[in-house]
>>> print(open('target.cif').read())   # mmCIF, C-alpha atoms
data_protein
loop_
_atom_site.group_PDB
_atom_site.id
_atom_site.type_symbol
_atom_site.label_atom_id
_atom_site.label_comp_id
_atom_site.auth_asym_id
_atom_site.auth_seq_id
_atom_site.Cartn_x
_atom_site.Cartn_y
_atom_site.Cartn_z
ATOM 1 C CA MET D 1 3.697 81.629 189.202
ATOM 2 C CA PHE D 2 4.122 78.289 191.021
ATOM 3 C CA ALA D 3 0.524 78.433 192.264
ATOM 4 C CA PHE D 4 -0.731 79.311 188.776
ATOM 5 C CA LEU D 5 1.146 76.477 187.068
ATOM 6 C CA ALA D 6 0.434 73.967 189.847
ATOM 7 C CA ASN D 7 -2.971 73.388 188.241
ATOM 8 C CA PRO D 8 -2.403 70.670 185.578
ATOM 9 C CA ASP D 9 -4.994 72.133 183.154
ATOM 10 C CA ARG D 10 -3.419 75.591 183.363
ATOM 11 C CA PHE D 11 0.038 74.054 183.009
ATOM 12 C CA MET D 12 -0.983 72.124 179.881
ATOM 13 C CA ALA D 13 -2.516 75.261 178.347
ATOM 14 C CA PHE D 14 0.579 77.341 179.181
ATOM 15 C CA SER D 15 3.143 74.765 178.039
ATOM 16 C CA ARG D 16 1.314 74.178 174.746
ATOM 17 C CA TRP D 17 2.464 77.570 173.427
ATOM 18 C CA ALA D 18 5.471 78.170 175.722
ATOM 19 C CA ALA D 19 7.390 75.004 174.747
ATOM 20 C CA PRO D 20 7.583 75.737 170.986
ATOM 21 C CA MET D 21 8.243 79.419 171.713
ATOM 22 C CA PHE D 22 11.254 78.520 173.903
ATOM 23 C CA GLY D 23 12.407 76.040 171.253
ATOM 24 C CA VAL D 24 12.425 78.677 168.487
ATOM 25 C CA LEU D 25 14.138 81.144 170.836
ATOM 26 C CA ALA D 26 16.818 78.549 171.671
ATOM 27 C CA GLY D 27 17.510 77.855 167.995
ATOM 28 C CA GLY D 28 17.841 81.560 167.187
ATOM 29 C CA LEU D 29 20.063 82.372 170.178
ATOM 30 C CA MET D 30 22.376 79.446 169.551
ATOM 31 C CA MET D 31 22.729 80.194 165.838
ATOM 32 C CA VAL D 32 23.728 83.817 166.526
ATOM 33 C CA GLY D 33 25.933 82.738 169.457
ATOM 34 C CA LEU D 34 27.816 80.191 167.330
ATOM 35 C CA TRP D 35 28.176 82.673 164.463
ATOM 36 C CA LEU D 36 29.689 85.299 166.767
ATOM 37 C CA GLY D 37 31.723 82.640 168.583
ATOM 38 C CA PHE D 38 33.464 81.556 165.400
ATOM 39 C CA ALA D 39 33.863 85.184 164.289
ATOM 40 C CA ALA D 40 35.673 86.061 167.555
ATOM 41 C CA PRO D 41 39.466 86.328 167.353
ATOM 42 C CA GLU D 42 41.716 83.478 168.514
ATOM 43 C CA ASP D 43 42.729 83.741 172.154
ATOM 44 C CA TYR D 44 46.354 84.819 172.562
ATOM 45 C CA GLN D 45 47.078 81.897 174.907
ATOM 46 C CA GLN D 46 44.526 79.202 174.042
ATOM 47 C CA GLY D 47 44.313 79.774 170.283
ATOM 48 C CA ASP D 48 41.227 78.281 168.605
ATOM 49 C CA THR D 49 40.428 76.023 171.580
ATOM 50 C CA VAL D 50 38.744 79.057 173.157
ATOM 51 C CA ARG D 51 35.753 78.262 170.895
ATOM 52 C CA MET D 52 35.039 75.235 173.060
ATOM 53 C CA MET D 53 34.117 77.701 175.802
ATOM 54 C CA PHE D 54 30.874 78.477 173.910
ATOM 55 C CA ILE D 55 29.609 74.917 174.367
ATOM 56 C CA HIS D 56 31.454 73.794 177.516
ATOM 57 C CA VAL D 57 30.590 76.693 179.845
ATOM 58 C CA PRO D 58 26.826 76.804 179.021
ATOM 59 C CA ALA D 59 26.646 73.006 179.499
ATOM 60 C CA SER D 60 28.269 73.458 182.938
ATOM 61 C CA TRP D 61 25.850 76.277 183.863
ATOM 62 C CA LEU D 62 22.909 74.105 182.841
ATOM 63 C CA ALA D 63 24.264 71.092 184.741
ATOM 64 C CA LEU D 64 24.001 73.192 187.931
ATOM 65 C CA PHE D 65 20.793 75.042 187.034
ATOM 66 C CA VAL D 66 18.883 71.871 186.103
ATOM 67 C CA TYR D 67 19.943 70.253 189.377
ATOM 68 C CA LEU D 68 18.640 73.311 191.232
ATOM 69 C CA CYS D 69 15.301 72.896 189.384
ATOM 70 C CA LEU D 70 15.344 69.185 190.272
ATOM 71 C CA GLY D 71 15.972 70.045 193.932
ATOM 72 C CA VAL D 72 13.223 72.681 194.120
ATOM 73 C CA ALA D 73 10.712 70.398 192.367
ATOM 74 C CA SER D 74 11.669 67.518 194.682
ATOM 75 C CA PHE D 75 11.214 69.753 197.724
ATOM 76 C CA LEU D 76 7.747 70.866 196.537
ATOM 77 C CA SER D 77 6.848 67.276 195.757
ATOM 78 C CA LEU D 78 7.938 66.035 199.196
ATOM 79 C CA VAL D 79 6.396 68.861 201.234
ATOM 80 C CA PHE D 80 3.170 69.499 199.312
ATOM 81 C CA ARG D 81 2.812 66.028 197.743
ATOM 82 C CA HIS D 82 2.109 67.746 194.457
ATOM 83 C CA ALA D 83 1.972 65.386 191.476
ATOM 84 C CA LEU D 84 3.031 68.039 188.953
ATOM 85 C CA ALA D 85 6.139 68.902 191.007
ATOM 86 C CA ASP D 86 7.029 65.203 191.047
ATOM 87 C CA ALA D 87 6.534 65.041 187.271
ATOM 88 C CA ALA D 88 8.746 68.140 186.875
ATOM 89 C CA ALA D 89 11.531 66.551 188.938
ATOM 90 C CA LYS D 90 11.319 63.299 186.990
ATOM 91 C CA ALA D 91 11.364 65.184 183.672
ATOM 92 C CA ALA D 92 14.389 67.319 184.605
ATOM 93 C CA ALA D 93 16.765 64.511 185.631
ATOM 94 C CA PRO D 94 17.644 62.996 182.192
ATOM 95 C CA LEU D 95 18.153 66.474 180.705
ATOM 96 C CA GLY D 96 20.446 67.463 183.575
ATOM 97 C CA ALA D 97 22.393 64.220 183.187
ATOM 98 C CA VAL D 98 22.980 64.968 179.482
ATOM 99 C CA PHE D 99 24.107 68.561 180.173
ATOM 100 C CA THR D 100 26.495 67.297 182.866
ATOM 101 C CA ALA D 101 27.871 64.587 180.569
ATOM 102 C CA LEU D 102 28.396 67.238 177.869
ATOM 103 C CA ALA D 103 30.222 69.474 180.373
ATOM 104 C CA LEU D 104 32.512 66.578 181.361
ATOM 105 C CA ILE D 105 33.229 65.399 177.796
ATOM 106 C CA THR D 106 33.777 68.843 176.256
ATOM 107 C CA GLY D 107 35.857 69.813 179.292
ATOM 108 C CA SER D 108 38.037 66.745 178.797
ATOM 109 C CA LEU D 109 38.467 67.560 175.087
ATOM 110 C CA TRP D 110 39.467 71.112 176.066
ATOM 111 C CA GLY D 111 41.737 69.935 178.888
ATOM 112 C CA LYS D 112 43.930 67.659 176.778
ATOM 113 C CA PRO D 113 45.418 70.370 174.519
ATOM 114 C CA MET D 114 45.522 73.023 177.292
ATOM 115 C CA TRP D 115 46.520 71.041 180.397
ATOM 116 C CA GLY D 116 48.143 68.046 178.698
ATOM 117 C CA THR D 117 45.715 65.596 180.294
ATOM 118 C CA TRP D 118 42.175 64.337 179.630
ATOM 119 C CA TRP D 119 41.306 64.115 183.309
ATOM 120 C CA VAL D 120 42.642 65.052 186.721
ATOM 121 C CA TRP D 121 41.094 64.234 190.106
ATOM 122 C CA ASP D 122 40.894 67.841 191.268
ATOM 123 C CA ALA D 123 38.007 69.420 193.162
ATOM 124 C CA ARG D 124 36.103 70.959 190.205
ATOM 125 C CA LEU D 125 36.222 67.942 187.909
ATOM 126 C CA THR D 126 35.524 65.465 190.699
ATOM 127 C CA SER D 127 32.580 67.463 192.111
ATOM 128 C CA VAL D 128 31.026 67.664 188.620
ATOM 129 C CA LEU D 129 31.478 63.902 188.267
ATOM 130 C CA VAL D 130 29.706 63.513 191.633
ATOM 131 C CA LEU D 131 26.899 65.749 190.276
ATOM 132 C CA PHE D 132 26.584 63.410 187.269
ATOM 133 C CA LEU D 133 26.406 60.410 189.632
ATOM 134 C CA PHE D 134 23.624 62.127 191.622
ATOM 135 C CA TYR D 135 21.628 62.487 188.394
ATOM 136 C CA LEU D 136 22.189 58.821 187.516
ATOM 137 C CA GLY D 137 21.362 57.785 191.090
ATOM 138 C CA TYR D 138 18.106 59.766 190.965
ATOM 139 C CA ILE D 139 17.079 58.134 187.670
ATOM 140 C CA ALA D 140 18.100 54.649 188.839
ATOM 141 C CA LEU D 141 16.334 54.959 192.207
ATOM 142 C CA ARG D 142 13.057 56.009 190.565
ATOM 143 C CA ALA D 143 13.299 53.162 188.077
ATOM 144 C CA ALA D 144 14.235 50.569 190.725
ATOM 145 C CA MET D 145 10.988 50.727 192.728
ATOM 146 C CA ASP D 146 7.720 49.159 191.547
ATOM 147 C CA ASP D 147 5.691 51.598 193.651
ATOM 148 C CA GLU D 148 6.024 54.889 191.746
ATOM 149 C CA THR D 149 5.045 57.017 194.742
ATOM 150 C CA LYS D 150 7.649 55.440 197.017
ATOM 151 C CA GLY D 151 10.264 55.622 194.247
ATOM 152 C CA GLY D 152 9.470 59.297 193.704
ATOM 153 C CA ARG D 153 9.844 60.107 197.407
ATOM 154 C CA ALA D 154 13.099 58.170 197.824
ATOM 155 C CA ALA D 155 14.545 59.854 194.728
ATOM 156 C CA ALA D 156 13.365 63.280 195.955
ATOM 157 C CA ILE D 157 15.264 62.775 199.239
ATOM 158 C CA LEU D 158 18.375 61.815 197.249
ATOM 159 C CA ALA D 159 17.934 64.948 195.094
ATOM 160 C CA LEU D 160 17.759 67.143 198.228
ATOM 161 C CA VAL D 161 20.934 65.548 199.619
ATOM 162 C CA GLY D 162 22.652 66.267 196.291
ATOM 163 C CA LEU D 163 21.909 69.994 196.605
ATOM 164 C CA VAL D 164 24.840 70.165 199.042
ATOM 165 C CA ASN D 165 27.117 69.457 196.087
ATOM 166 C CA LEU D 166 26.087 72.584 194.123
ATOM 167 C CA PRO D 167 28.078 75.171 196.156
ATOM 168 C CA ILE D 168 30.970 72.697 196.232
ATOM 169 C CA VAL D 169 31.004 72.630 192.406
ATOM 170 C CA LYS D 170 30.687 76.408 192.158
ATOM 171 C CA PHE D 171 33.317 77.361 194.758
ATOM 172 C CA SER D 172 35.670 74.375 194.375
ATOM 173 C CA VAL D 173 38.082 76.487 192.287
ATOM 174 C CA ASP D 174 38.259 79.073 195.109
ATOM 175 C CA TRP D 175 38.439 76.645 198.031
ATOM 176 C CA TRP D 176 41.086 74.266 196.631
ATOM 177 C CA ASN D 177 44.016 74.385 194.225
ATOM 178 C CA SER D 178 42.776 73.335 190.825
ATOM 179 C CA LEU D 179 43.974 73.046 187.245
ATOM 180 C CA HIS D 180 40.586 74.462 186.298
ATOM 181 C CA GLN D 181 40.483 78.238 185.928
ATOM 182 C CA GLY D 182 38.481 80.335 188.380
ATOM 183 C CA ALA D 183 35.141 82.066 187.713
ATOM 184 C CA SER D 184 35.413 84.403 184.730
ATOM 185 C CA VAL D 185 31.810 85.601 184.192
ATOM 186 C CA PHE D 186 29.868 85.638 187.487
ATOM 187 C CA ARG D 187 32.336 87.326 189.843
ATOM 188 C CA ALA D 188 32.316 90.418 192.043
ATOM 189 C CA GLU D 189 34.830 92.355 189.892
ATOM 190 C CA GLY D 190 32.799 91.758 186.715
ATOM 191 C CA PRO D 191 33.531 89.449 183.768
ATOM 192 C CA ALA D 192 37.199 88.716 183.030
ATOM 193 C CA MET D 193 36.808 88.660 179.248
ATOM 194 C CA THR D 194 36.154 91.102 176.433
ATOM 195 C CA ASN D 195 32.800 91.458 174.695
ATOM 196 C CA ASP D 196 34.199 89.489 171.715
ATOM 197 C CA TYR D 197 33.880 86.377 173.889
ATOM 198 C CA LEU D 198 31.356 87.478 176.508
ATOM 199 C CA ILE D 199 28.470 88.267 174.119
ATOM 200 C CA PRO D 200 28.521 84.929 172.232
ATOM 201 C CA LEU D 201 28.999 83.100 175.545
ATOM 202 C CA LEU D 202 25.951 84.784 177.101
ATOM 203 C CA LEU D 203 23.888 84.174 173.937
ATOM 204 C CA MET D 204 24.819 80.488 174.036
ATOM 205 C CA GLY D 205 24.024 80.359 177.756
ATOM 206 C CA LEU D 206 20.566 81.854 177.143
ATOM 207 C CA GLY D 207 20.115 79.508 174.172
ATOM 208 C CA TYR D 208 20.901 76.454 176.304
ATOM 209 C CA MET D 209 18.539 77.769 178.986
ATOM 210 C CA ALA D 210 15.713 78.239 176.459
ATOM 211 C CA ALA D 211 16.372 74.769 175.013
ATOM 212 C CA PHE D 212 16.124 73.266 178.479
ATOM 213 C CA GLY D 213 12.921 75.233 179.145
ATOM 214 C CA SER D 214 11.346 73.907 175.964
ATOM 215 C CA LEU D 215 12.420 70.281 176.466
ATOM 216 C CA TRP D 216 11.486 70.309 180.157
ATOM 217 C CA LEU D 217 7.969 71.551 179.447
ATOM 218 C CA VAL D 218 7.435 68.897 176.740
ATOM 219 C CA ARG D 219 8.757 66.147 179.040
ATOM 220 C CA ILE D 220 6.439 67.268 181.863
ATOM 221 C CA ARG D 221 3.531 67.222 179.388
ATOM 222 C CA ALA D 222 4.542 63.682 178.359
ATOM 223 C CA GLU D 223 4.623 62.627 182.030
ATOM 224 C CA VAL D 224 1.154 64.119 182.623
ATOM 225 C CA TRP D 225 -0.155 62.166 179.615
ATOM 226 C CA ARG D 226 1.587 58.986 180.821
ATOM 227 C CA ARG D 227 -0.109 59.231 184.220
ATOM 228 C CA LYS D 228 -3.451 59.965 182.572
ATOM 229 C CA ALA D 229 -2.981 56.923 180.310
ATOM 230 C CA MET D 230 -2.275 54.769 183.377
ATOM 231 C CA VAL D 231 -5.514 55.916 185.037
ATOM 232 C CA LEU D 232 -7.521 55.353 181.839
ATOM 233 C CA ALA D 233 -5.980 51.884 181.379
ATOM 234 C CA LEU D 234 -6.870 50.997 184.975
ATOM 235 C CA LYS D 235 -10.456 52.200 184.490
ATOM 236 C CA ALA D 236 -10.717 50.203 181.250
ATOM 237 C CA ALA D 237 -9.423 47.070 183.027
ATOM 238 C CA GLU D 238 -11.956 47.502 185.863
ATOM 239 C CA ALA D 239 -14.894 48.043 183.503
ATOM 240 C CA MET W 240 32.720 86.494 159.234
ATOM 241 C CA PRO W 241 33.047 83.163 161.094
ATOM 242 C CA ASP W 242 36.372 81.394 160.681
ATOM 243 C CA LEU W 243 35.902 77.612 160.703
ATOM 244 C CA ASP W 244 39.603 76.855 160.301
ATOM 245 C CA THR W 245 40.550 75.576 163.751
ATOM 246 C CA GLY W 246 44.114 74.677 162.778
ATOM 247 C CA LYS W 247 46.085 72.187 164.872
ATOM 248 C CA TYR W 248 43.313 71.933 167.490
ATOM 249 C CA ALA W 249 40.666 70.654 165.036
ATOM 250 C CA LEU W 250 40.981 67.109 166.439
ATOM 251 C CA PHE W 251 39.744 68.394 169.821
ATOM 252 C CA ILE W 252 37.339 71.163 168.802
ATOM 253 C CA TRP W 253 35.161 69.369 166.239
ATOM 254 C CA PRO W 254 34.602 66.208 168.338
ATOM 255 C CA ALA W 255 33.469 68.505 171.181
ATOM 256 C CA PHE W 256 30.932 70.175 168.883
ATOM 257 C CA ALA W 257 29.885 66.788 167.442
ATOM 258 C CA VAL W 258 29.273 65.313 170.909
ATOM 259 C CA THR W 259 27.247 68.390 171.854
ATOM 260 C CA ALA W 260 25.151 68.070 168.692
ATOM 261 C CA LEU W 261 24.562 64.374 169.482
ATOM 262 C CA GLY W 262 23.536 65.232 173.048
ATOM 263 C CA PHE W 263 21.003 67.777 171.841
ATOM 264 C CA ALA W 264 19.750 65.419 169.109
ATOM 265 C CA TRP W 265 19.136 62.680 171.704
ATOM 266 C CA MET W 266 17.358 65.070 174.100
ATOM 267 C CA ILE W 267 15.070 66.374 171.329
ATOM 268 C CA ALA W 268 14.343 62.943 169.806
ATOM 269 C CA ASP W 269 13.677 61.222 173.163
ATOM 270 C CA THR W 270 11.510 64.081 174.426
ATOM 271 C CA LEU W 271 9.364 64.250 171.278
ATOM 272 C CA ALA W 272 9.048 60.444 171.082
ATOM 273 C CA ARG W 273 7.807 60.270 174.691
ATOM 274 C CA ALA W 274 5.326 63.087 174.206
ATOM 275 C CA ARG W 275 3.919 61.575 170.989
ATOM 276 C CA ARG W 276 3.711 58.077 172.465
ATOM 277 C CA TRP W 277 1.804 59.030 175.613
ATOM 278 C CA LYS W 278 -0.437 61.573 173.902
ATOM 279 C CA ALA W 279 -1.449 58.893 171.361
ATOM 280 C CA GLN W 280 -2.004 56.420 174.207
ATOM 281 C CA VAL W 281 -4.315 58.852 176.029
ATOM 282 C CA GLU W 282 -6.251 59.543 172.829
ATOM 283 C CA ARG W 283 -6.605 55.816 172.149
ATOM 284 C CA LEU W 284 -7.776 55.009 175.684
ATOM 285 C CA SER W 285 -10.085 58.053 175.789
ATOM 286 C CA GLY W 286 -11.630 56.879 172.518
ATOM 287 C CA LYS W 287 -12.194 53.406 173.998
ATOM 288 C CA ALA W 288 -13.730 54.878 177.143
ATOM 289 C CA GLY W 289 -16.091 56.971 175.040
ATOM 290 C CA GLN W 290 -17.373 53.962 173.061
#
>>> encode(input="target.cif", output="structure tokens")
Amino acid sequence: MFAFLANPDRFMAFSRWAAPMFGVLAGGLMMVGLWLGFAAPEDYQQGDTVRMMFIHVPASWLALFVYLCLGVASFLSLVFRHALADAAAKAAAPLGAVFTALALITGSLWGKPMWGTWWVWDARLTSVLVLFLFYLGYIALRAAMDDETKGGRAAAILALVGLVNLPIVKFSVDWWNSLHQGASVFRAEGPAMTNDYLIPLLLMGLGYMAAFGSLWLVRIRAEVWRRKAMVLALKAAEA
Amino acid sequence: MPDLDTGKYALFIWPAFAVTALGFAWMIADTLARARRWKAQVERLSGKAGQ
């Protein structure tokens, strides 16, 4: 798959139909997920605030998943010096930053009525904040250097360093005492919730994933066009 | 049927959904604007090169 899509012409042909397809899929999944989410009964402890789970948890999943994509693309870009991998890493970072910001903001809005506080410096919340700072650092580092190639490599190294934070985010609720609840979907004993909540949550998770897939592909296409425009502008200036 | 009455927690729930909608709106708008801008730029420069 990687080898197939590593060719820019094949990637452009693939993404031309895949991006809108993922977009339509995302819209459909999220509409059904929200419908079922608001049709689910109130939680006996959390009341109606449980509905925030359907936007907060998928945003948190995507915050981690997008960073993993950023890390893999950065690794491929550093090792194989592949321009498309570099474009993929660059395109993923702003999307990941938005998903992480959404996870932090919706989590804070959920925390206030449930925990009595907007924010607490515990391991889960702090490690997600660090994840957000890695995204911002990646974007800032790329933008700070005039030489795009050097900026891309420096940012790729930063992205690889940030991968260390992913297991910390995931297992922080197991390793340290935290106000944040433990894993309730991806755990060895199976999900800790009924299908009333699990089905809309999984639909929303898949919807967010499809939305990211669609937006990522379009952003990579835009980056390919930008680089092509740069080459054409240089040729025009030389002529 | 969906129940949109979120009772005493409405002040927390609806801002969370509004912020999420804004986040998605920004991602979609920025992504499409970039793609349109650079595609048009390539077409313009390719046209010039062909002349």
>>> resolve_selection(input="target.cif", expression="the PyMOL selection byres ((chain D) within 9 of (chain W))", output="PyMOL selection string")
chain D and resi 34-41+47-49+51-52+55-56+59+94-95+98-99+101-102+105-107+109-110+112-113+211+215-216+218-230+232-233+235-236
>>> residues_around(input="target.cif", residues="region 78-85 of chain D", least_positions_apart="4", cutoff="10 Å", atoms="only C-alpha atoms", output="list in words")
Phe2, Leu5, Ala6, Asn7, Pro8, Phe11, Leu70, Val72, Ala73, Ser74, Ala89, Lys90, Ala91, Thr149, Gly152, Arg153, Ala154, Ala156, Ile157, Leu160, Ile220, Arg221, Glu223, Val224 and Arg227 of chain D
>>> closest_residue(input="target.cif", among="D:Val120, D:Phe54, D:Ala13, D:Thr126", to="Met31 (chain D)", atoms="all atoms listed in the file")
D:Phe54
>>> residues_around(input="target.cif", residues="Leu203 (chain D)", least_positions_apart="3", cutoff="7 Å", atoms="all atoms listed in the file", output="ChimeraX atom specification")
/D:29-30,33,199-200,206-207
>>> write_last_selection(input="target.cif", atoms="C-alpha atoms", output="mmCIF file, keeping the file's coordinate frame")
data_model
loop_
_atom_site.group_PDB
_atom_site.id
_atom_site.type_symbol
_atom_site.label_atom_id
_atom_site.label_comp_id
_atom_site.auth_asym_id
_atom_site.auth_seq_id
_atom_site.Cartn_x
_atom_site.Cartn_y
_atom_site.Cartn_z
ATOM 1 C CA LEU D 29 20.063 82.372 170.178
ATOM 2 C CA MET D 30 22.376 79.446 169.551
ATOM 3 C CA GLY D 33 25.933 82.738 169.457
ATOM 4 C CA ILE D 199 28.470 88.267 174.119
ATOM 5 C CA PRO D 200 28.521 84.929 172.232
ATOM 6 C CA LEU D 206 20.566 81.854 177.143
ATOM 7 C CA GLY D 207 20.115 79.508 174.172
#
>>> atom_distance(input="target.cif", atom1="CA of Val173 (chain D)", atom2="CA of Pro58 (chain D)")
17.4 Å
>>> resolve_selection(input="target.cif", expression="the PyMOL selection byres ((chain D and resi 172) around 12)", output="list in words")
Asp122, Ala123, Arg124, Leu125, Thr126, Ser127, Val128, Asn165, Leu166, Pro167, Ile168, Val169, Lys170, Phe171, Val173, Asp174, Trp175, Trp176, Asn177, Ser178, Leu179, His180, Gln181, Gly182 and Ala183 of chain D
>>> closest_residue(input="target.cif", among="D:Glu238, D:Val66, D:Ser214, D:Leu202", to="Phe14 (chain D)", atoms="only C-alpha atoms")
D:Ser214
>>> atom_distance(input="target.cif", atom1="CA of Asp43 (chain D)", atom2="CA of Leu201 (chain D)")
14.2 Å
>>> atom_distance(input="target.cif", atom1="CA of Phe75 (chain D)", atom2="CA of Val164 (chain D)")
13.7 Å
